[in-house]
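**Student:** Got a structure for you, protein16.txt, holding compact mmCIF, N, CA and C atoms.
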```
# COMPACT_ATOMS: atom_id res chain seq x y z
N MET M 22 75.86 123.04 51.75
CA MET M 22 75.09 123.75 50.74
C MET M 22 75.94 124.87 50.13
N PRO M 23 75.85 125.03 48.82
CA PRO M 23 76.56 126.15 48.19
C PRO M 23 75.94 127.49 48.61
N THR M 24 76.76 128.51 48.56
CA THR M 24 76.31 129.86 48.90
C THR M 24 76.61 130.78 47.72
N ILE M 25 75.65 131.64 47.43
CA ILE M 25 75.84 132.66 46.38
C ILE M 25 75.93 134.01 47.09
N GLU M 26 76.97 134.75 46.75
CA GLU M 26 77.14 136.11 47.26
C GLU M 26 76.77 137.05 46.12
N TYR M 27 75.87 137.97 46.41
CA TYR M 27 75.46 138.92 45.36
C TYR M 27 74.99 140.22 46.01
N GLY M 28 75.54 141.32 45.58
CA GLY M 28 75.10 142.64 46.04
C GLY M 28 75.15 142.81 47.55
N GLY M 29 76.13 142.18 48.19
CA GLY M 29 76.25 142.30 49.63
C GLY M 29 75.36 141.34 50.41
N SER M 30 74.66 140.46 49.72
CA SER M 30 73.80 139.47 50.38
C SER M 30 74.32 138.07 50.11
N SER M 31 74.05 137.17 51.04
CA SER M 31 74.42 135.75 50.90
C SER M 31 73.15 134.92 50.81
N PHE M 32 73.18 133.96 49.90
CA PHE M 32 72.02 133.08 49.70
C PHE M 32 72.48 131.63 49.68
N GLU M 33 71.85 130.80 50.52
CA GLU M 33 72.12 129.36 50.48
C GLU M 33 71.25 128.76 49.39
N VAL M 34 71.88 128.00 48.50
CA VAL M 34 71.15 127.39 47.38
C VAL M 34 71.42 125.90 47.31
N ASP M 35 70.51 125.20 46.62
CA ASP M 35 70.72 123.77 46.39
C ASP M 35 71.61 123.59 45.16
N GLU M 36 71.79 122.34 44.75
CA GLU M 36 72.68 122.05 43.62
C GLU M 36 72.18 122.63 42.31
N ASP M 37 70.88 123.00 42.23
CA ASP M 37 70.33 123.59 41.02
C ASP M 37 70.21 125.11 41.10
N GLY M 38 70.69 125.68 42.20
CA GLY M 38 70.68 127.13 42.34
C GLY M 38 69.39 127.72 42.89
N PHE M 39 68.51 126.89 43.47
CA PHE M 39 67.28 127.37 44.07
C PHE M 39 67.53 127.65 45.55
N LEU M 40 66.88 128.66 46.11
CA LEU M 40 67.04 128.99 47.52
C LEU M 40 66.66 127.80 48.39
N THR M 41 67.51 127.47 49.37
CA THR M 41 67.21 126.33 50.23
C THR M 41 66.15 126.67 51.26
N ARG M 42 66.08 127.93 51.66
CA ARG M 42 65.06 128.34 52.64
C ARG M 42 63.91 129.08 51.97
N GLY M 43 63.84 128.99 50.66
CA GLY M 43 62.72 129.54 49.90
C GLY M 43 62.43 131.00 50.15
N MET M 44 61.15 131.31 50.23
CA MET M 44 60.71 132.70 50.35
C MET M 44 61.15 133.35 51.66
N GLU M 45 61.51 132.53 52.65
CA GLU M 45 62.04 133.06 53.91
C GLU M 45 63.33 133.86 53.65
N GLU M 46 64.09 133.43 52.67
CA GLU M 46 65.37 134.06 52.33
C GLU M 46 65.24 135.03 51.15
N TRP M 47 64.12 135.01 50.47
CA TRP M 47 63.89 135.78 49.25
C TRP M 47 63.87 137.28 49.52
N ASN M 48 64.49 138.06 48.63
CA ASN M 48 64.43 139.52 48.71
C ASN M 48 64.77 140.11 47.34
N GLU M 49 64.78 141.44 47.28
CA GLU M 49 65.04 142.14 46.01
C GLU M 49 66.42 141.80 45.43
N LYS M 50 67.40 141.59 46.30
CA LYS M 50 68.75 141.24 45.81
C LYS M 50 68.72 139.89 45.08
N TRP M 51 67.91 138.96 45.60
CA TRP M 51 67.78 137.66 44.93
C TRP M 51 67.17 137.86 43.55
N VAL M 52 66.16 138.69 43.46
CA VAL M 52 65.52 138.97 42.17
C VAL M 52 66.55 139.55 41.20
N GLU M 53 67.37 140.49 41.68
CA GLU M 53 68.41 141.08 40.82
C GLU M 53 69.39 140.01 40.35
N PHE M 54 69.78 139.10 41.25
CA PHE M 54 70.71 138.04 40.87
C PHE M 54 70.11 137.14 39.78
N VAL M 55 68.90 136.65 40.00
CA VAL M 55 68.28 135.75 39.03
C VAL M 55 68.04 136.49 37.71
N LYS M 56 67.65 137.74 37.81
CA LYS M 56 67.43 138.56 36.61
C LYS M 56 68.71 138.59 35.77
N SER M 57 69.85 138.78 36.42
CA SER M 57 71.12 138.82 35.69
C SER M 57 71.45 137.47 35.07
N GLN M 58 71.11 136.38 35.77
CA GLN M 58 71.35 135.03 35.24
C GLN M 58 70.43 134.71 34.07
N GLU M 59 69.22 135.24 34.10
CA GLU M 59 68.22 134.99 33.06
C GLU M 59 68.44 135.86 31.83
N GLY M 60 69.26 136.89 31.94
CA GLY M 60 69.44 137.81 30.82
C GLY M 60 68.28 138.78 30.68
N ILE M 61 67.60 139.06 31.79
CA ILE M 61 66.48 140.00 31.78
C ILE M 61 67.03 141.38 32.08
N ASP M 62 66.76 142.33 31.20
CA ASP M 62 67.28 143.69 31.40
C ASP M 62 66.52 144.44 32.49
N ASP M 63 65.22 144.50 32.37
CA ASP M 63 64.39 145.23 33.33
C ASP M 63 63.22 144.37 33.77
N MET M 64 62.92 144.43 35.05
CA MET M 64 61.74 143.75 35.58
C MET M 64 60.52 144.60 35.27
N THR M 65 59.65 144.07 34.45
CA THR M 65 58.43 144.79 34.07
C THR M 65 57.28 144.39 35.00
N ASP M 66 56.16 145.07 34.84
CA ASP M 66 54.96 144.68 35.60
C ASP M 66 54.56 143.24 35.29
N GLU M 67 54.80 142.80 34.06
CA GLU M 67 54.47 141.42 33.68
C GLU M 67 55.34 140.42 34.44
N HIS M 68 56.64 140.72 34.56
CA HIS M 68 57.53 139.86 35.34
C HIS M 68 57.03 139.75 36.78
N TRP M 69 56.72 140.90 37.37
CA TRP M 69 56.29 140.92 38.77
C TRP M 69 54.96 140.21 38.94
N LYS M 70 54.09 140.31 37.95
CA LYS M 70 52.81 139.61 38.04
C LYS M 70 53.03 138.10 38.14
N VAL M 71 53.92 137.57 37.31
CA VAL M 71 54.23 136.14 37.35
C VAL M 71 54.84 135.76 38.69
N VAL M 72 55.82 136.53 39.16
CA VAL M 72 56.49 136.25 40.43
C VAL M 72 55.48 136.27 41.57
N ASN M 73 54.64 137.31 41.62
CA ASN M 73 53.67 137.43 42.71
C ASN M 73 52.64 136.30 42.69
N ILE M 74 52.17 135.94 41.52
CA ILE M 74 51.20 134.84 41.41
C ILE M 74 51.83 133.52 41.83
N LEU M 75 53.07 133.29 41.43
CA LEU M 75 53.76 132.06 41.86
C LEU M 75 53.86 132.01 43.38
N GLN M 76 54.26 133.11 43.98
CA GLN M 76 54.40 133.13 45.44
C GLN M 76 53.05 132.92 46.14
N GLU M 77 52.02 133.60 45.66
CA GLU M 77 50.69 133.45 46.27
C GLU M 77 50.19 132.02 46.16
N TYR M 78 50.35 131.43 44.98
CA TYR M 78 49.90 130.05 44.77
C TYR M 78 50.66 129.10 45.69
N TYR M 79 51.97 129.30 45.78
CA TYR M 79 52.79 128.42 46.62
C TYR M 79 52.40 128.54 48.09
N LYS M 80 52.18 129.76 48.56
CA LYS M 80 51.78 129.97 49.96
C LYS M 80 50.46 129.26 50.26
N LYS M 81 49.56 129.28 49.30
CA LYS M 81 48.23 128.69 49.49
C LYS M 81 48.24 127.17 49.35
N ASN M 82 49.05 126.64 48.40
CA ASN M 82 48.98 125.23 48.04
C ASN M 82 50.22 124.39 48.37
N GLY M 83 51.33 125.04 48.70
CA GLY M 83 52.54 124.31 49.04
C GLY M 83 53.30 123.73 47.87
N ILE M 84 52.86 124.04 46.65
CA ILE M 84 53.55 123.61 45.43
C ILE M 84 53.43 124.73 44.40
N ALA M 85 54.27 124.66 43.37
CA ALA M 85 54.17 125.60 42.25
C ALA M 85 53.01 125.17 41.36
N PRO M 86 52.35 126.12 40.73
CA PRO M 86 51.23 125.75 39.85
C PRO M 86 51.72 125.09 38.57
N MET M 87 50.88 124.23 38.02
CA MET M 87 51.18 123.68 36.70
C MET M 87 51.18 124.85 35.71
N VAL M 88 51.88 124.70 34.64
CA VAL M 88 52.04 125.79 33.68
C VAL M 88 50.69 126.26 33.12
N ARG M 89 49.76 125.34 32.95
CA ARG M 89 48.42 125.70 32.47
C ARG M 89 47.74 126.65 33.44
N ILE M 90 47.86 126.34 34.73
CA ILE M 90 47.26 127.19 35.76
C ILE M 90 47.96 128.54 35.81
N LEU M 91 49.29 128.54 35.70
CA LEU M 91 50.04 129.80 35.70
C LEU M 91 49.61 130.67 34.53
N SER M 92 49.48 130.07 33.36
CA SER M 92 49.07 130.80 32.17
C SER M 92 47.66 131.38 32.35
N LYS M 93 46.76 130.56 32.86
CA LYS M 93 45.38 131.00 33.05
C LYS M 93 45.29 132.12 34.10
N THR M 94 46.01 131.96 35.20
CA THR M 94 45.96 132.93 36.30
C THR M 94 46.57 134.26 35.91
N THR M 95 47.67 134.23 35.16
CA THR M 95 48.31 135.49 34.74
C THR M 95 47.60 136.11 33.56
N GLY M 96 46.92 135.26 32.77
CA GLY M 96 46.32 135.75 31.53
C GLY M 96 47.32 135.81 30.39
N PHE M 97 48.54 135.30 30.63
CA PHE M 97 49.58 135.30 29.60
C PHE M 97 49.63 133.95 28.90
N PRO M 98 49.71 133.95 27.57
CA PRO M 98 49.92 132.67 26.89
C PRO M 98 51.30 132.11 27.28
N LEU M 99 51.45 130.81 27.20
CA LEU M 99 52.72 130.17 27.56
C LEU M 99 53.90 130.81 26.82
N LYS M 100 53.69 131.13 25.56
CA LYS M 100 54.76 131.76 24.77
C LYS M 100 55.25 133.04 25.44
N ARG M 101 54.33 133.83 25.99
CA ARG M 101 54.71 135.08 26.66
C ARG M 101 55.51 134.82 27.94
N ILE M 102 55.13 133.79 28.67
CA ILE M 102 55.85 133.46 29.90
C ILE M 102 57.29 133.09 29.56
N TYR M 103 57.49 132.35 28.47
CA TYR M 103 58.85 132.00 28.04
C TYR M 103 59.61 133.23 27.51
N GLU M 104 58.90 134.20 26.96
CA GLU M 104 59.56 135.45 26.55
C GLU M 104 60.03 136.22 27.79
N LEU M 105 59.20 136.21 28.83
CA LEU M 105 59.56 136.91 30.06
C LEU M 105 60.68 136.20 30.81
N PHE M 106 60.64 134.86 30.83
CA PHE M 106 61.62 134.04 31.55
C PHE M 106 62.19 133.03 30.58
N PRO M 107 63.30 133.38 29.90
CA PRO M 107 63.85 132.54 28.84
C PRO M 107 64.13 131.09 29.23
N SER M 108 64.47 130.83 30.49
CA SER M 108 64.74 129.44 30.88
C SER M 108 63.47 128.72 31.31
N GLY M 109 62.33 129.42 31.22
CA GLY M 109 61.04 128.79 31.47
C GLY M 109 60.43 129.13 32.81
N PRO M 110 59.18 128.77 32.97
CA PRO M 110 58.48 129.08 34.22
C PRO M 110 59.03 128.31 35.42
N GLY M 111 59.51 127.10 35.20
CA GLY M 111 60.03 126.30 36.30
C GLY M 111 61.39 126.77 36.75
N LYS M 112 62.32 126.83 35.83
CA LYS M 112 63.68 127.18 36.20
C LYS M 112 63.83 128.67 36.48
N GLY M 113 63.35 129.51 35.61
CA GLY M 113 63.56 130.94 35.79
C GLY M 113 62.58 131.61 36.72
N ALA M 114 61.30 131.47 36.43
CA ALA M 114 60.28 132.19 37.20
C ALA M 114 60.18 131.67 38.63
N CYS M 115 60.15 130.36 38.81
CA CYS M 115 60.05 129.80 40.17
C CYS M 115 61.30 130.13 40.98
N LYS M 116 62.46 130.05 40.33
CA LYS M 116 63.70 130.40 41.03
C LYS M 116 63.65 131.85 41.46
N MET M 117 63.22 132.74 40.57
CA MET M 117 63.16 134.16 40.90
C MET M 117 62.17 134.43 42.04
N ALA M 118 61.09 133.67 42.06
CA ALA M 118 60.06 133.86 43.08
C ALA M 118 60.46 133.28 44.44
N GLY M 119 61.58 132.55 44.49
CA GLY M 119 62.02 131.97 45.75
C GLY M 119 61.37 130.64 46.07
N LEU M 120 60.74 130.03 45.09
CA LEU M 120 60.10 128.73 45.29
C LEU M 120 61.15 127.63 45.17
N PRO M 121 60.88 126.47 45.79
CA PRO M 121 61.78 125.34 45.57
C PRO M 121 61.69 124.86 44.12
N LYS M 122 62.68 124.12 43.71
CA LYS M 122 62.67 123.58 42.35
C LYS M 122 61.43 122.73 42.15
N PRO M 123 60.62 123.05 41.13
CA PRO M 123 59.40 122.28 40.89
C PRO M 123 59.72 120.84 40.52
N THR M 124 58.88 119.93 40.98
CA THR M 124 59.08 118.51 40.68
C THR M 124 58.28 118.09 39.47
N GLY M 125 57.21 118.82 39.18
CA GLY M 125 56.35 118.46 38.06
C GLY M 125 56.55 119.39 36.89
N CYS M 126 55.53 119.51 36.12
CA CYS M 126 55.55 120.32 34.91
C CYS M 126 55.07 121.73 35.22
N VAL M 127 56.01 122.67 35.31
CA VAL M 127 55.66 124.07 35.53
C VAL M 127 56.06 124.86 34.32
```
Let's see the structure in the file written out as structure tokens.
**Tutor:**
Amino acid sequence: MPTIEYGGSSFEVDEDGFLTRGMEEWNEKWVEFVKSQEGIDDMTDEHWKVVNILQEYYKKNGIAPMVRILSKTTGFPLKRIYELFPSGPGKGACKMAGLPKPTGCV
């Protein structure tokens, strides 16, 4: 497995750059790393709301929510989620939240 070194921390990732041990390995340094990859300057309350909801949903259901559910739960239109996470809810937001790479439509 590839390893990413960032800010004094090491992260094992899969071929798509998602954490192999998921939220077990997730921390603030991981968020900083993904933020830099996404081109996000500052993590706002809106960013954290999406990340927290993704993590809560995953803990409860074992999968990432469909984008419709994510939009409804956050109260953000899909357009806003893409503004917050330019590479999208699946690649950017799920990766930042420490979730595995989604298999469906997120």
**Student:** Select, from M:Gly119, M:Gly28, M:Pro23, M:Gly113, the residue with the minimum atom-to-atom distance to Glu77 of chain M, counting only C-alpha atoms.
**Tutor:**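 When distances to Glu77 of chain M are compared using only C-alpha atoms, the smallest one comes from M:Gly119.
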**Student:** Select, counting only N, CA and C atoms, all protein, DNA and RNA residues no farther than 7 Å from (61.7, 132.0, 49.7) in file coordinates, and express the selection as a ChimeraX atom specification.
**Tutor:** /M:40,42-48,118-121
**Student:** Would you mind reading off the distance between atom CA of Glu53 of chain M and atom CA of Val88 of chain M, one decimal, in Å?
**Tutor:**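 Distance between the two atoms: 23.5 Å.
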**Student:** Quick check for you: according to DSSP on this backbone, which residues of segment 53-109 of chain M are classed as alpha helix (DSSP H)? Reply as a ChimeraX atom specification.
**Tutor:** /M:53-59,66-82,88-95,99-105,109
**Student:** DSSP on the backbone, then: every residue of chain M marked strand (DSSP E or B), written as a PyMOL selection string.
**Tutor:** chain M and resi 24-27+30-34+40
**Student:** Report the distance between atom CA of Leu99 of chain M and atom CA of Phe54 of chain M in Å, rounded to one decimal place.
**Tutor:**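 Spanning atom CA of Leu99 of chain M to atom CA of Phe54 of chain M is a straight-line distance of 23.7 Å.
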